[in-house]
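Here's the structure, in structure tokens; my notes come after.
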Amino acid sequence: MAQSDVLLKLKGVKTYFFTDEGTVHAVDGLDFQVRRGETLGIVGESGCGKSVTSMSILRLLGKTGKVIEGEIMFDGENLLDLSEEEMRKIRGNRISMIFQQPTTCLNPVFRIGEQIIEALQIHQGLSGEEGNKRTIELLTLVGLPDPVRRMRSFPHEISGGQAQRVMIAMALACNPELLIADEPTTALDVTIQAQILDLMRELREKVNTAIILITHDLGVVAEMAENVMVMYAGKAVEYAPVHALFEAPKHPYTQGLIASTPVLGNVRDELETIPGQVPSLLNPPAGCRFASRCAHRMDQCTQEEPPLIKLEGDRLVRCWLY
């Protein structure tokens, strides 16, 4: 059977959290796909469902969260149908993730080298000596100074930026088919940020790794991604090739996001803002979830939820204007 070009495909995914206050509709009917070797940027403000989407793919939602509907197809296999043991063989091996808070993801009682070697032994079957050698290579690759000494360090003995590099080394260890990077450069200065982005780009070129890049930074998206999905209040509101999105954003929310981004050399008295607040996902409003903040609001917007409307050039937009 020929290998499909599509590596990951989400269809109608709904992820809810069941809390004492009520049911949180964190991701509410999400559809997208990622091809092999593609970089998809996912953007949107805090709380829109970006990180929950990545946790849904890896099935790391904890006791209160659950994917209640939809399919998450990875290389032709629905991840939601797999046992926990089968998922453990995929996590950190075929699908890796760089988490948003690196210092909380490293085990404080084990040395850094031990934590990387463990993944290599479990997924790659390397011996202790081979694991040591590969770990030194990985830490050198991500630009960590004195990797041999750093292998013997505990997580509290390194900085936040160094912890982020360790997490990236762990994520790259098994040459994953899919790398999910959740705010991978947040804790890093601009020089190191550029190095990490180059590293991710190199991984994509060498082993055809697909990347889902979750970020607030539209500059990183412009530099790294081929396609962009914009999320708002648990839903995808726009999907477009990266250049088309920046040249002519279609959804009013996307237009607001780009207008609020400072541009070097463009002096303004004040930045654009999006009025109003994000609706509560405990009790989402009827119709379009952006309607209360939208300057183009019509009666239909508050009564009926718009579907994802297909435009020319592989573009999708969830808006009644189109």
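In the structure tokens, each chain is lettered A, B, ... as it comes, each chain's residues begin at 1, and ligands are numbered from 1 in order of appearance.
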
Test item: residues at most 12 Å from A:Val6, only C-alpha atoms, excluding those fewer than 2 positions along its chain, as a VMD selection string: chain A and resid 2 to 4 8 to 10 32 to 38 73 to 77 177 to 178 210

Keeping only N, CA and C atoms, take the residues you just selected and write them out as an mmCIF file, in the first residue's frame.
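Contents of the output file part.cif:
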```cif
data_model
loop_
_atom_site.group_PDB
_atom_site.id
_atom_site.type_symbol
_atom_site.label_atom_id
_atom_site.label_comp_id
_atom_site.auth_asym_id
_atom_site.auth_seq_id
_atom_site.Cartn_x
_atom_site.Cartn_y
_atom_site.Cartn_z
ATOM 1 N N ALA A 2 0.551 2.188 -0.877
ATOM 2 C CA ALA A 2 1.336 3.425 -0.955
ATOM 3 C C ALA A 2 1.151 4.246 0.313
ATOM 4 N N GLN A 3 2.231 4.877 0.738
ATOM 5 C CA GLN A 3 2.196 5.702 1.939
ATOM 6 C C GLN A 3 1.457 7.010 1.649
ATOM 7 N N SER A 4 0.476 7.331 2.497
ATOM 8 C CA SER A 4 -0.300 8.558 2.298
ATOM 9 C C SER A 4 0.564 9.767 2.604
ATOM 10 N N LEU A 8 -1.183 13.328 9.675
ATOM 11 C CA LEU A 8 -2.122 13.506 10.789
ATOM 12 C C LEU A 8 -3.386 14.178 10.274
ATOM 13 N N LYS A 9 -4.540 13.658 10.708
ATOM 14 C CA LYS A 9 -5.806 14.255 10.293
ATOM 15 C C LYS A 9 -6.787 14.232 11.459
ATOM 16 N N LEU A 10 -7.251 15.413 11.856
ATOM 17 C CA LEU A 10 -8.273 15.525 12.894
ATOM 18 C C LEU A 10 -9.607 15.823 12.232
ATOM 19 N N PHE A 32 -8.497 19.519 10.866
ATOM 20 C CA PHE A 32 -7.319 19.965 10.113
ATOM 21 C C PHE A 32 -6.454 18.755 9.803
ATOM 22 N N GLN A 33 -5.495 18.954 8.916
ATOM 23 C CA GLN A 33 -4.562 17.877 8.594
ATOM 24 C C GLN A 33 -3.155 18.427 8.431
ATOM 25 N N VAL A 34 -2.179 17.528 8.620
ATOM 26 C CA VAL A 34 -0.771 17.884 8.472
ATOM 27 C C VAL A 34 -0.120 16.853 7.566
ATOM 28 N N ARG A 35 0.510 17.331 6.514
ATOM 29 C CA ARG A 35 1.202 16.438 5.593
ATOM 30 C C ARG A 35 2.611 16.121 6.117
ATOM 31 N N ARG A 36 3.198 15.054 5.613
ATOM 32 C CA ARG A 36 4.576 14.705 5.972
ATOM 33 C C ARG A 36 5.512 15.829 5.548
ATOM 34 N N GLY A 37 6.378 16.243 6.457
ATOM 35 C CA GLY A 37 7.341 17.293 6.151
ATOM 36 C C GLY A 37 6.785 18.700 6.193
ATOM 37 N N GLU A 38 5.494 18.857 6.512
ATOM 38 C CA GLU A 38 4.871 20.184 6.559
ATOM 39 C C GLU A 38 5.023 20.803 7.947
ATOM 40 N N MET A 73 -6.555 10.720 13.317
ATOM 41 C CA MET A 73 -5.897 9.706 12.488
ATOM 42 C C MET A 73 -4.413 10.049 12.329
ATOM 43 N N PHE A 74 -3.563 9.120 12.753
ATOM 44 C CA PHE A 74 -2.110 9.289 12.605
ATOM 45 C C PHE A 74 -1.574 8.138 11.767
ATOM 46 N N ASP A 75 -1.092 8.475 10.574
ATOM 47 C CA ASP A 75 -0.579 7.456 9.646
ATOM 48 C C ASP A 75 -1.612 6.350 9.421
ATOM 49 N N GLY A 76 -2.875 6.777 9.259
ATOM 50 C CA GLY A 76 -3.955 5.836 8.950
ATOM 51 C C GLY A 76 -4.558 5.122 10.137
ATOM 52 N N GLU A 77 -4.138 5.434 11.347
ATOM 53 C CA GLU A 77 -4.597 4.754 12.555
ATOM 54 C C GLU A 77 -5.244 5.763 13.501
ATOM 55 N N GLU A 177 8.320 11.338 13.591
ATOM 56 C CA GLU A 177 7.617 11.655 12.342
ATOM 57 C C GLU A 177 6.823 12.945 12.488
ATOM 58 N N LEU A 178 6.374 13.216 13.735
ATOM 59 C CA LEU A 178 5.623 14.436 14.022
ATOM 60 C C LEU A 178 6.185 15.068 15.291
ATOM 61 N N ALA A 210 7.190 16.189 10.235
ATOM 62 C CA ALA A 210 6.122 17.188 10.206
ATOM 63 C C ALA A 210 6.134 17.921 11.546
#
```

DSSP helix (DSSP H, G or I) selection over stretch 44-276 of chain A, as a PyMOL selection string: chain A and resi 50-58+79-81+84-90+102-105+112-124+128-141+147-151+155-157+160-172+190-207+218-224+242-247+252-259

Nearest candidate to A:Thr254 (options A:Leu271, A:Val230, A:Leu61, A:Ile95; using only C-alpha atoms):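 Closest residue, counting only C-alpha atoms: A:Val230.
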
Test item: residues at most 10 Å from A:Leu321, only C-alpha atoms, excluding those fewer than 2 positions along its chain, as a count of residues only: 12

Among the residues A:Thr103, A:Asn208, A:Asn283, A:Gln255, the one that comes closest to A:Thr39 [using only C-alpha atoms]: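 Of the candidates, the smallest distance to A:Thr39 is held by A:Asn208.
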
Counting only C-alpha atoms, the option among A:Ala173, A:Thr104, A:Glu272, A:Thr209 closest to A:Lys133: A:Ala173

Between atom CA of A:Pro147 and atom CA of A:Val166 - distance in Å to one decimal: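 Computed distance, atom CA of A:Val166 to atom CA of A:Pro147, equals 10.2 Å.
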
Residues near A:Ile158, cut-off 12 Å, only C-alpha atoms, skip fewer than 6 positions along chain, as a count of residues only: 16

How close does each residue of stretch 121-218 of chain A get to stretch 82-90 of chain A, giving the shortest atom pair and distance in Å to one decimal for every residue with an atom at most 10 Å away, counting only C-alpha atoms, sorted by chain and residue number, as a tab-separated table?
```
residue	atom	partner	partner_atom	distance
A:Ile122	CA	A:Lys89	CA	8.6
A:His123	CA	A:Lys89	CA	7.1
A:Pro176	CA	A:Ile90	CA	9.2
A:Glu177	CA	A:Ile90	CA	10.0
```

Distance query A:Gln300 at most 8 Å, only C-alpha atoms, self and fewer than 3 positions along chain excluded, as number ranges by chain: A: 287, 303-304, 320

Same residues, C-alpha atoms, output as an mmCIF file, in the first residue's frame:
```
data_model
loop_
_atom_site.group_PDB
_atom_site.id
_atom_site.type_symbol
_atom_site.label_atom_id
_atom_site.label_comp_id
_atom_site.auth_asym_id
_atom_site.auth_seq_id
_atom_site.Cartn_x
_atom_site.Cartn_y
_atom_site.Cartn_z
ATOM 1 C CA GLY A 287 -23.804 31.638 16.689
ATOM 2 C CA GLN A 303 -28.120 33.214 15.863
ATOM 3 C CA GLU A 304 -26.365 30.667 13.690
ATOM 4 C CA TRP A 320 -20.826 34.755 7.353
#
```

Those in stretch 165-196 of chain A with strand (DSSP E or B) from DSSP, as a ChimeraX atom specification: /A:178-182

Could those selected residues go to a file with C-alpha atoms, as a PDB file, in the first residue's frame?
```pdb
ATOM      1  CA  LEU A 178       5.623  14.436  14.022  1.00  0.00           C
ATOM      2  CA  LEU A 179       7.016  17.102  16.350  1.00  0.00           C
ATOM      3  CA  ILE A 180       4.541  19.201  18.344  1.00  0.00           C
ATOM      4  CA  ALA A 181       6.239  22.363  19.569  1.00  0.00           C
ATOM      5  CA  ASP A 182       4.171  24.283  22.138  1.00  0.00           C
TER       6      ASP A 182
END
```

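Here the question is which of A:Tyr16, A:Phe110, A:Thr302, A:Gly131 gets nearest to A:Glu157 using only C-alpha atoms, and that residue is A:Phe110.
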
Atomic distance atom CA of A:Arg94 - atom CA of A:Leu40, expressed in Å with one decimal: 17.3 Å

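Atom CA of A:Asp198 is positioned 24.2 Å from atom CA of A:Ile258.
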